[in-house]
file upload.pdb (PDB, C-alpha atoms)
ATOM      1  CA  MET A  14      12.415  21.043   5.973
ATOM      2  CA  GLY A  15      10.456  18.642   8.180
ATOM      3  CA  ILE A  16       8.163  17.581   5.333
ATOM      4  CA  THR A  17       6.397  14.262   5.895
ATOM      5  CA  VAL A  18       5.454  12.174   2.871
ATOM      6  CA  GLY A  19       3.156   9.180   3.169
ATOM      7  CA  PHE A  20       3.393   6.083   0.986
ATOM      8  CA  ASP A  21       1.067   3.175   0.388
ATOM      9  CA  LEU A  22       2.781  -0.235   0.477
ATOM     10  CA  ASP A  23       1.377  -2.917  -1.873
ATOM     11  CA  MET A  24       2.022  -2.070  -5.528
ATOM     12  CA  THR A  25       3.413   1.338  -4.539
ATOM     13  CA  LEU A  26       6.630   0.414  -2.711
ATOM     14  CA  ILE A  27       6.496  -3.381  -3.052
ATOM     15  CA  ASP A  28       5.164  -6.093  -5.364
ATOM     16  CA  PRO A  29       3.831  -9.007  -3.275
ATOM     17  CA  ARG A  30       1.631 -10.513  -5.993
ATOM     18  CA  PRO A  31       3.210 -13.996  -6.424
ATOM     19  CA  GLY A  32       2.994 -14.674  -2.708
ATOM     20  CA  MET A  33      -0.497 -13.231  -2.476
ATOM     21  CA  VAL A  34      -1.682 -15.598  -5.202
ATOM     22  CA  ALA A  35      -0.157 -18.563  -3.371
ATOM     23  CA  ALA A  36      -1.475 -17.532   0.050
ATOM     24  CA  MET A  37      -5.046 -16.939  -1.098
ATOM     25  CA  ASN A  38      -5.135 -20.180  -3.086
ATOM     26  CA  ALA A  39      -3.771 -22.063  -0.077
ATOM     27  CA  LEU A  40      -6.427 -20.476   2.130
ATOM     28  CA  GLY A  41      -9.120 -21.507  -0.351
ATOM     29  CA  LYS A  42      -7.875 -25.071  -0.382
ATOM     30  CA  LYS A  43      -7.679 -25.226   3.391
ATOM     31  CA  SER A  44     -11.110 -23.690   3.954
ATOM     32  CA  GLY A  45     -12.928 -25.334   1.068
ATOM     33  CA  LEU A  46     -14.059 -21.926  -0.204
ATOM     34  CA  PRO A  47     -13.781 -20.652  -3.809
ATOM     35  CA  PHE A  48     -10.968 -18.139  -3.378
ATOM     36  CA  ASP A  49      -9.155 -16.930  -6.480
ATOM     37  CA  GLY A  50      -5.550 -15.963  -5.792
ATOM     38  CA  GLU A  51      -5.010 -14.417  -9.214
ATOM     39  CA  ALA A  52      -8.066 -12.171  -8.877
ATOM     40  CA  PHE A  53      -7.068 -11.219  -5.330
ATOM     41  CA  ALA A  54      -3.525 -10.268  -6.333
ATOM     42  CA  ALA A  55      -4.752  -8.276  -9.323
ATOM     43  CA  ASN A  56      -6.647  -5.831  -7.098
ATOM     44  CA  LEU A  57      -4.539  -5.337  -3.996
ATOM     45  CA  GLY A  58      -5.487  -2.443  -1.785
ATOM     46  CA  PRO A  59      -8.881  -3.064  -0.163
ATOM     47  CA  PRO A  60      -8.895  -4.753   3.265
ATOM     48  CA  LEU A  61      -8.703  -8.538   3.461
ATOM     49  CA  ASP A  62     -12.158  -8.893   4.981
ATOM     50  CA  GLN A  63     -13.653  -7.040   2.016
ATOM     51  CA  ALA A  64     -11.895  -9.346  -0.446
ATOM     52  CA  LEU A  65     -13.095 -12.421   1.440
ATOM     53  CA  ARG A  66     -16.687 -11.177   1.363
ATOM     54  CA  GLU A  67     -16.444 -10.557  -2.376
ATOM     55  CA  PHE A  68     -15.331 -14.187  -2.788
ATOM     56  CA  GLY A  69     -18.465 -15.284  -0.925
ATOM     57  CA  ALA A  70     -16.943 -16.167   2.453
ATOM     58  CA  PRO A  71     -19.624 -16.573   5.159
ATOM     59  CA  GLU A  72     -19.558 -13.644   7.570
ATOM     60  CA  ASP A  73     -19.142 -15.858  10.632
ATOM     61  CA  ARG A  74     -15.980 -17.427   9.163
ATOM     62  CA  ILE A  75     -14.193 -14.203   8.237
ATOM     63  CA  PRO A  76     -12.318 -13.672  11.553
ATOM     64  CA  GLU A  77     -10.981 -17.251  11.408
ATOM     65  CA  LEU A  78     -10.020 -16.876   7.731
ATOM     66  CA  ILE A  79      -8.143 -13.644   8.426
ATOM     67  CA  TRP A  80      -6.219 -15.364  11.220
ATOM     68  CA  GLN A  81      -5.356 -18.297   8.939
ATOM     69  CA  PHE A  82      -4.210 -15.957   6.157
ATOM     70  CA  ARG A  83      -1.958 -14.109   8.592
ATOM     71  CA  GLU A  84      -0.478 -17.438   9.684
ATOM     72  CA  LEU A  85       0.402 -18.260   6.067
ATOM     73  CA  TYR A  86       1.764 -14.802   5.329
ATOM     74  CA  PRO A  87       5.322 -14.749   6.730
ATOM     75  CA  GLU A  88       6.530 -17.841   4.879
ATOM     76  CA  THR A  89       4.312 -17.609   1.795
ATOM     77  CA  VAL A  90       4.263 -13.919   0.882
ATOM     78  CA  VAL A  91       7.247 -12.135   2.413
ATOM     79  CA  PRO A  92      10.088 -14.172   0.830
ATOM     80  CA  SER A  93       8.842 -13.723  -2.755
ATOM     81  CA  THR A  94       8.063 -10.006  -2.485
ATOM     82  CA  VAL A  95      10.283  -7.494  -4.288
ATOM     83  CA  ALA A  96      10.680  -3.734  -4.142
ATOM     84  CA  LEU A  97       9.184  -1.831  -7.035
ATOM     85  CA  PRO A  98      11.454   0.281  -9.255
ATOM     86  CA  GLY A  99      12.370   3.566  -7.606
ATOM     87  CA  ALA A 100      10.943   2.673  -4.190
ATOM     88  CA  ALA A 101      14.206   2.897  -2.253
ATOM     89  CA  GLU A 102      15.202   6.069  -4.105
ATOM     90  CA  ALA A 103      11.840   7.705  -3.360
ATOM     91  CA  LEU A 104      12.199   7.084   0.374
ATOM     92  CA  GLU A 105      15.793   8.303   0.287
ATOM     93  CA  ALA A 106      14.803  11.493  -1.554
ATOM     94  CA  VAL A 107      12.525  12.459   1.333
ATOM     95  CA  ARG A 108      15.130  11.584   3.968
ATOM     96  CA  ALA A 109      17.914  13.421   2.116
ATOM     97  CA  ALA A 110      15.799  16.584   2.206
ATOM     98  CA  GLY A 111      15.380  16.296   5.970
ATOM     99  CA  GLY A 112      11.850  14.965   5.717
ATOM    100  CA  ARG A 113      10.067  12.025   7.291
ATOM    101  CA  THR A 114       8.600   8.956   5.615
ATOM    102  CA  LEU A 115       5.326   7.386   6.648
ATOM    103  CA  VAL A 116       3.733   4.177   5.354
ATOM    104  CA  VAL A 117      -0.052   4.049   5.626
ATOM    105  CA  THR A 118      -1.461   0.759   4.380
ATOM    106  CA  GLY A 119      -4.538  -1.405   4.505
ATOM    107  CA  LYS A 120      -2.265  -4.319   5.366
ATOM    108  CA  TYR A 121      -1.972  -5.812   8.855
ATOM    109  CA  GLY A 122       0.771  -3.742  10.492
ATOM    110  CA  PRO A 123       3.120  -6.557  11.613
ATOM    111  CA  ASN A 124       3.072  -8.067   8.115
ATOM    112  CA  ALA A 125       3.790  -4.674   6.583
ATOM    113  CA  GLN A 126       6.760  -4.278   8.931
ATOM    114  CA  MET A 127       8.077  -7.708   7.921
ATOM    115  CA  HIS A 128       8.149  -6.573   4.300
ATOM    116  CA  LEU A 129      10.002  -3.378   5.136
ATOM    117  CA  ASP A 130      12.539  -5.267   7.246
ATOM    118  CA  ALA A 131      13.060  -7.982   4.631
ATOM    119  CA  LEU A 132      13.716  -5.417   1.897
ATOM    120  CA  GLY A 133      15.786  -3.083   4.046
ATOM    121  CA  MET A 134      13.323  -0.217   3.665
ATOM    122  CA  LYS A 135      13.613   2.239   6.530
ATOM    123  CA  VAL A 136      10.604   4.445   7.264
ATOM    124  CA  ASP A 137       9.953   6.721  10.208
ATOM    125  CA  ASP A 138       6.402   5.605  10.928
ATOM    126  CA  LEU A 139       4.045   2.828   9.875
ATOM    127  CA  VAL A 140       0.266   2.682  10.282
ATOM    128  CA  GLY A 141      -1.632  -0.402   9.167
ATOM    129  CA  GLU A 142      -5.220  -1.510   8.576
ATOM    130  CA  LEU A 143      -6.469   1.765   7.116
ATOM    131  CA  TRP A 144      -8.163   1.960   3.724
ATOM    132  CA  SER A 145      -9.292   4.768   1.414
ATOM    133  CA  THR A 146     -10.502   7.850   3.321
ATOM    134  CA  GLN A 147      -9.652   6.141   6.633
ATOM    135  CA  LYS A 148      -6.018   6.817   5.741
ATOM    136  CA  ALA A 149      -6.647  10.539   6.194
ATOM    137  CA  ALA A 150      -6.618  10.135   9.982
ATOM    138  CA  ALA A 151      -3.021   8.882   9.967
ATOM    139  CA  LEU A 152      -1.924  11.397   7.335
ATOM    140  CA  LEU A 153      -3.344  14.267   9.370
ATOM    141  CA  GLU A 154      -1.929  12.954  12.648
ATOM    142  CA  HIS A 155       1.570  12.826  11.163
ATOM    143  CA  GLY A 156       1.212  16.063   9.225
ATOM    144  CA  ALA A 157       1.803  14.483   5.817
ATOM    145  CA  ARG A 158       2.048  17.012   3.000
ATOM    146  CA  ALA A 159       1.738  14.372   0.269
ATOM    147  CA  TYR A 160       0.561  10.789  -0.052
ATOM    148  CA  VAL A 161       1.742   8.396  -2.739
ATOM    149  CA  GLY A 162      -0.347   5.403  -3.813
ATOM    150  CA  ASP A 163      -1.418   3.202  -6.680
ATOM    151  CA  HIS A 164      -5.147   2.862  -5.967
ATOM    152  CA  LEU A 165      -8.182   5.115  -6.242
ATOM    153  CA  GLY A 166      -8.598   4.610  -2.504
ATOM    154  CA  ASP A 167      -5.178   6.191  -1.991
ATOM    155  CA  VAL A 168      -6.222   9.261  -3.961
ATOM    156  CA  ARG A 169      -9.334   9.548  -1.809
ATOM    157  CA  GLY A 170      -7.281   9.234   1.359
ATOM    158  CA  ALA A 171      -4.863  11.960   0.273
ATOM    159  CA  ARG A 172      -7.640  14.327  -0.709
ATOM    160  CA  ALA A 173      -9.503  13.724   2.558
ATOM    161  CA  ALA A 174      -6.321  14.779   4.378
ATOM    162  CA  ASN A 175      -5.814  17.807   2.125
ATOM    163  CA  ALA A 176      -2.452  16.345   1.069
ATOM    164  CA  VAL A 177      -0.961  16.358  -2.403
ATOM    165  CA  SER A 178      -2.146  13.160  -4.091
ATOM    166  CA  VAL A 179       0.621  11.398  -5.989
ATOM    167  CA  GLY A 180      -0.595   8.489  -8.094
ATOM    168  CA  VAL A 181       1.669   5.763  -9.391
ATOM    169  CA  ALA A 182       0.381   3.502 -12.156
ATOM    170  CA  THR A 183       2.067   0.328 -10.935
ATOM    171  CA  GLY A 184      -1.061  -1.243  -9.459
ATOM    172  CA  PRO A 185      -4.582  -2.072 -10.640
ATOM    173  CA  CYS A 186      -5.555   1.508 -11.558
ATOM    174  CA  THR A 187      -4.545   3.207 -14.776
ATOM    175  CA  ARG A 188      -3.037   6.646 -15.150
ATOM    176  CA  GLU A 189      -6.363   7.855 -16.540
ATOM    177  CA  GLU A 190      -8.340   6.431 -13.619
ATOM    178  CA  LEU A 191      -6.014   7.968 -11.035
ATOM    179  CA  THR A 192      -6.172  11.339 -12.765
ATOM    180  CA  ALA A 193      -9.971  11.216 -13.037
ATOM    181  CA  GLU A 194     -10.198  10.420  -9.301
ATOM    182  CA  GLY A 195      -8.300  13.632  -8.537
ATOM    183  CA  ALA A 196      -4.604  12.747  -8.268
ATOM    184  CA  ASP A 197      -2.501  15.903  -8.528
ATOM    185  CA  VAL A 198       0.257  14.100 -10.392
ATOM    186  CA  VAL A 199       0.606  10.551 -11.746
ATOM    187  CA  PHE A 200       3.852   8.671 -12.424
ATOM    188  CA  ASP A 201       4.453   5.518 -14.409
ATOM    189  CA  SER A 202       6.732   4.410 -11.554
ATOM    190  CA  LEU A 203       8.457   5.816  -8.477
ATOM    191  CA  VAL A 204      11.570   6.317 -10.578
ATOM    192  CA  GLU A 205      10.011   9.689 -11.418
ATOM    193  CA  PHE A 206       9.405  10.664  -7.780
ATOM    194  CA  PRO A 207      12.782  12.114  -6.646
ATOM    195  CA  GLU A 208      12.975  14.735  -9.395
ATOM    196  CA  TRP A 209       9.356  15.770  -8.833
ATOM    197  CA  PHE A 210       9.826  15.898  -5.060
ATOM    198  CA  ALA A 211      12.921  18.072  -5.363
ATOM    199  CA  ARG A 212      11.195  20.440  -7.770
ATOM    200  CA  THR A 213       7.961  20.625  -5.784
ATOM    201  CA  PHE A 214       9.125  20.705  -2.168
ATOM    202  CA  VAL A 215      12.885  21.176  -1.949
ATOM    203  CA  GLU A 216      13.616  23.883  -4.505
ATOM    204  CA  THR A 217      10.583  25.939  -3.481
ATOM    205  CA  ALA A 218      11.752  25.866   0.157
ATOM    206  CA  VAL A 219      15.185  27.316  -0.627
TER     207      VAL A 219
END
call {"tool": "encode", "arguments": {"input": "upload.pdb", "output": "structure tokens"}}
result
Amino acid sequence: MGITVGFDLDMTLIDPRPGMVAAMNALGKKSGLPFDGEAFAANLGPPLDQALREFGAPEDRIPELIWQFRELYPETVVPSTVALPGAAEALEAVRAAGGRTLVVTGKYGPNAQMHLDALGMKVDDLVGELWSTQKAAALLEHGARAYVGDHLGDVRGARAANAVSVGVATGPCTREELTAEGADVVFDSLVEFPEWFARTFVETAV
């Protein structure tokens, strides 16, 4: 078939929230800035620099804060992160049909790869540090026919790439919000993905 399907990472394939809370709170303590780990983890998706600005971080300190967060990440976030229900099966459904899997995430690429390695998730390609419509560049480059994500930004990225937008209501955005943004289909979890993928792409190709 050769169909490529793109996936977001945080709150689509994985749940890193406990570690994200701890890492952001630790960064706040270290920097003396009013960072809120719970609020950060409740709205994963946008780039780290955007979150830091929203917390009131001075612009001239943001590069240093990003570096410090990335230092904390491997030991604070990766070990406590779990795969979301249906994630492994969704990736396998694409592979079993002869397709390719692509992760496009706003996360720093090496950290994203650490998560995939730690959880034994094999993907064909990974592109990091892209958010919302920026993701379209990677989706178009890899010829993705569909993109799966939990955030309104993921819907926008899929639509900008003229890919089927698959929403999954496991993150901060509700089913209704994802649908209103233009998602073509919305699942409660990735458990529903394999049957939909087979019906939409595999059976129609036979």
call {"tool": "resolve_selection", "arguments": {"input": "upload.pdb", "expression": "the PyMOL selection byres ((chain A and resi 98-107) around 10)", "output": "PDB file with C-alpha atoms, in the frame of the given file"}}
result
ATOM      1  CA  MET A  14      12.415  21.043   5.973  1.00  0.00           C
ATOM      2  CA  GLY A  15      10.456  18.642   8.180  1.00  0.00           C
ATOM      3  CA  ILE A  16       8.163  17.581   5.333  1.00  0.00           C
ATOM      4  CA  THR A  17       6.397  14.262   5.895  1.00  0.00           C
ATOM      5  CA  VAL A  18       5.454  12.174   2.871  1.00  0.00           C
ATOM      6  CA  GLY A  19       3.156   9.180   3.169  1.00  0.00           C
ATOM      7  CA  PHE A  20       3.393   6.083   0.986  1.00  0.00           C
ATOM      8  CA  LEU A  22       2.781  -0.235   0.477  1.00  0.00           C
ATOM      9  CA  THR A  25       3.413   1.338  -4.539  1.00  0.00           C
ATOM     10  CA  LEU A  26       6.630   0.414  -2.711  1.00  0.00           C
ATOM     11  CA  ILE A  27       6.496  -3.381  -3.052  1.00  0.00           C
ATOM     12  CA  ASP A  28       5.164  -6.093  -5.364  1.00  0.00           C
ATOM     13  CA  VAL A  95      10.283  -7.494  -4.288  1.00  0.00           C
ATOM     14  CA  ALA A  96      10.680  -3.734  -4.142  1.00  0.00           C
ATOM     15  CA  LEU A  97       9.184  -1.831  -7.035  1.00  0.00           C
ATOM     16  CA  ARG A 108      15.130  11.584   3.968  1.00  0.00           C
ATOM     17  CA  ALA A 109      17.914  13.421   2.116  1.00  0.00           C
ATOM     18  CA  ALA A 110      15.799  16.584   2.206  1.00  0.00           C
ATOM     19  CA  GLY A 111      15.380  16.296   5.970  1.00  0.00           C
ATOM     20  CA  GLY A 112      11.850  14.965   5.717  1.00  0.00           C
ATOM     21  CA  ARG A 113      10.067  12.025   7.291  1.00  0.00           C
ATOM     22  CA  THR A 114       8.600   8.956   5.615  1.00  0.00           C
ATOM     23  CA  LEU A 115       5.326   7.386   6.648  1.00  0.00           C
ATOM     24  CA  LEU A 132      13.716  -5.417   1.897  1.00  0.00           C
ATOM     25  CA  GLY A 133      15.786  -3.083   4.046  1.00  0.00           C
ATOM     26  CA  MET A 134      13.323  -0.217   3.665  1.00  0.00           C
ATOM     27  CA  LYS A 135      13.613   2.239   6.530  1.00  0.00           C
ATOM     28  CA  VAL A 136      10.604   4.445   7.264  1.00  0.00           C
ATOM     29  CA  THR A 183       2.067   0.328 -10.935  1.00  0.00           C
ATOM     30  CA  SER A 202       6.732   4.410 -11.554  1.00  0.00           C
ATOM     31  CA  LEU A 203       8.457   5.816  -8.477  1.00  0.00           C
ATOM     32  CA  VAL A 204      11.570   6.317 -10.578  1.00  0.00           C
ATOM     33  CA  GLU A 205      10.011   9.689 -11.418  1.00  0.00           C
ATOM     34  CA  PHE A 206       9.405  10.664  -7.780  1.00  0.00           C
ATOM     35  CA  PRO A 207      12.782  12.114  -6.646  1.00  0.00           C
ATOM     36  CA  GLU A 208      12.975  14.735  -9.395  1.00  0.00           C
ATOM     37  CA  PHE A 210       9.826  15.898  -5.060  1.00  0.00           C
ATOM     38  CA  ALA A 211      12.921  18.072  -5.363  1.00  0.00           C
ATOM     39  CA  PHE A 214       9.125  20.705  -2.168  1.00  0.00           C
ATOM     40  CA  VAL A 215      12.885  21.176  -1.949  1.00  0.00           C
TER      41      VAL A 215
END
call {"tool": "resolve_selection", "arguments": {"input": "upload.pdb", "expression": "the PyMOL selection byres ((chain A and resi 196-198) around 10)", "output": "count of residues only"}}
result
27
call {"tool": "closest_residue", "arguments": {"input": "upload.pdb", "among": "A:Lys43, A:Arg74, A:Arg30, A:Arg212", "to": "A:Val91", "atoms": "all atoms listed in the file"}}
result
A:Arg30
call {"tool": "resolve_selection", "arguments": {"input": "upload.pdb", "expression": "the PyMOL selection byres ((chain A and resi 77-90) around 8)", "output": "count of residues only"}}
result
20
call {"tool": "residues_around", "arguments": {"input": "upload.pdb", "residues": "A:Phe53", "least_positions_apart": "4", "cutoff": "7 Å", "atoms": "only C-alpha atoms", "output": "number ranges by chain"}}
result
A: 34, 49, 57
call {"tool": "atom_distance", "arguments": {"input": "upload.pdb", "atom1": "atom CA of A:Asp21", "atom2": "atom CA of A:Ala52"}}
result
20.1 Å
call {"tool": "axis_aligned_box", "arguments": {"input": "upload.pdb", "around": "stretch 75-87 of chain A", "padding_each_side": "3 Å", "output": "JSON"}}
result
{"center_x": -4.4, "center_y": -16.0, "center_z": 8.4, "size_x": 25.5, "size_y": 10.7, "size_z": 12.2}
call {"tool": "atom_distance", "arguments": {"input": "upload.pdb", "atom1": "atom CA of A:Val116", "atom2": "atom CA of A:Gly166"}}
result
14.6 Å
call {"tool": "atom_distance", "arguments": {"input": "upload.pdb", "atom1": "atom CA of A:Thr118", "atom2": "atom CA of A:Asp23"}}
result
7.8 Å
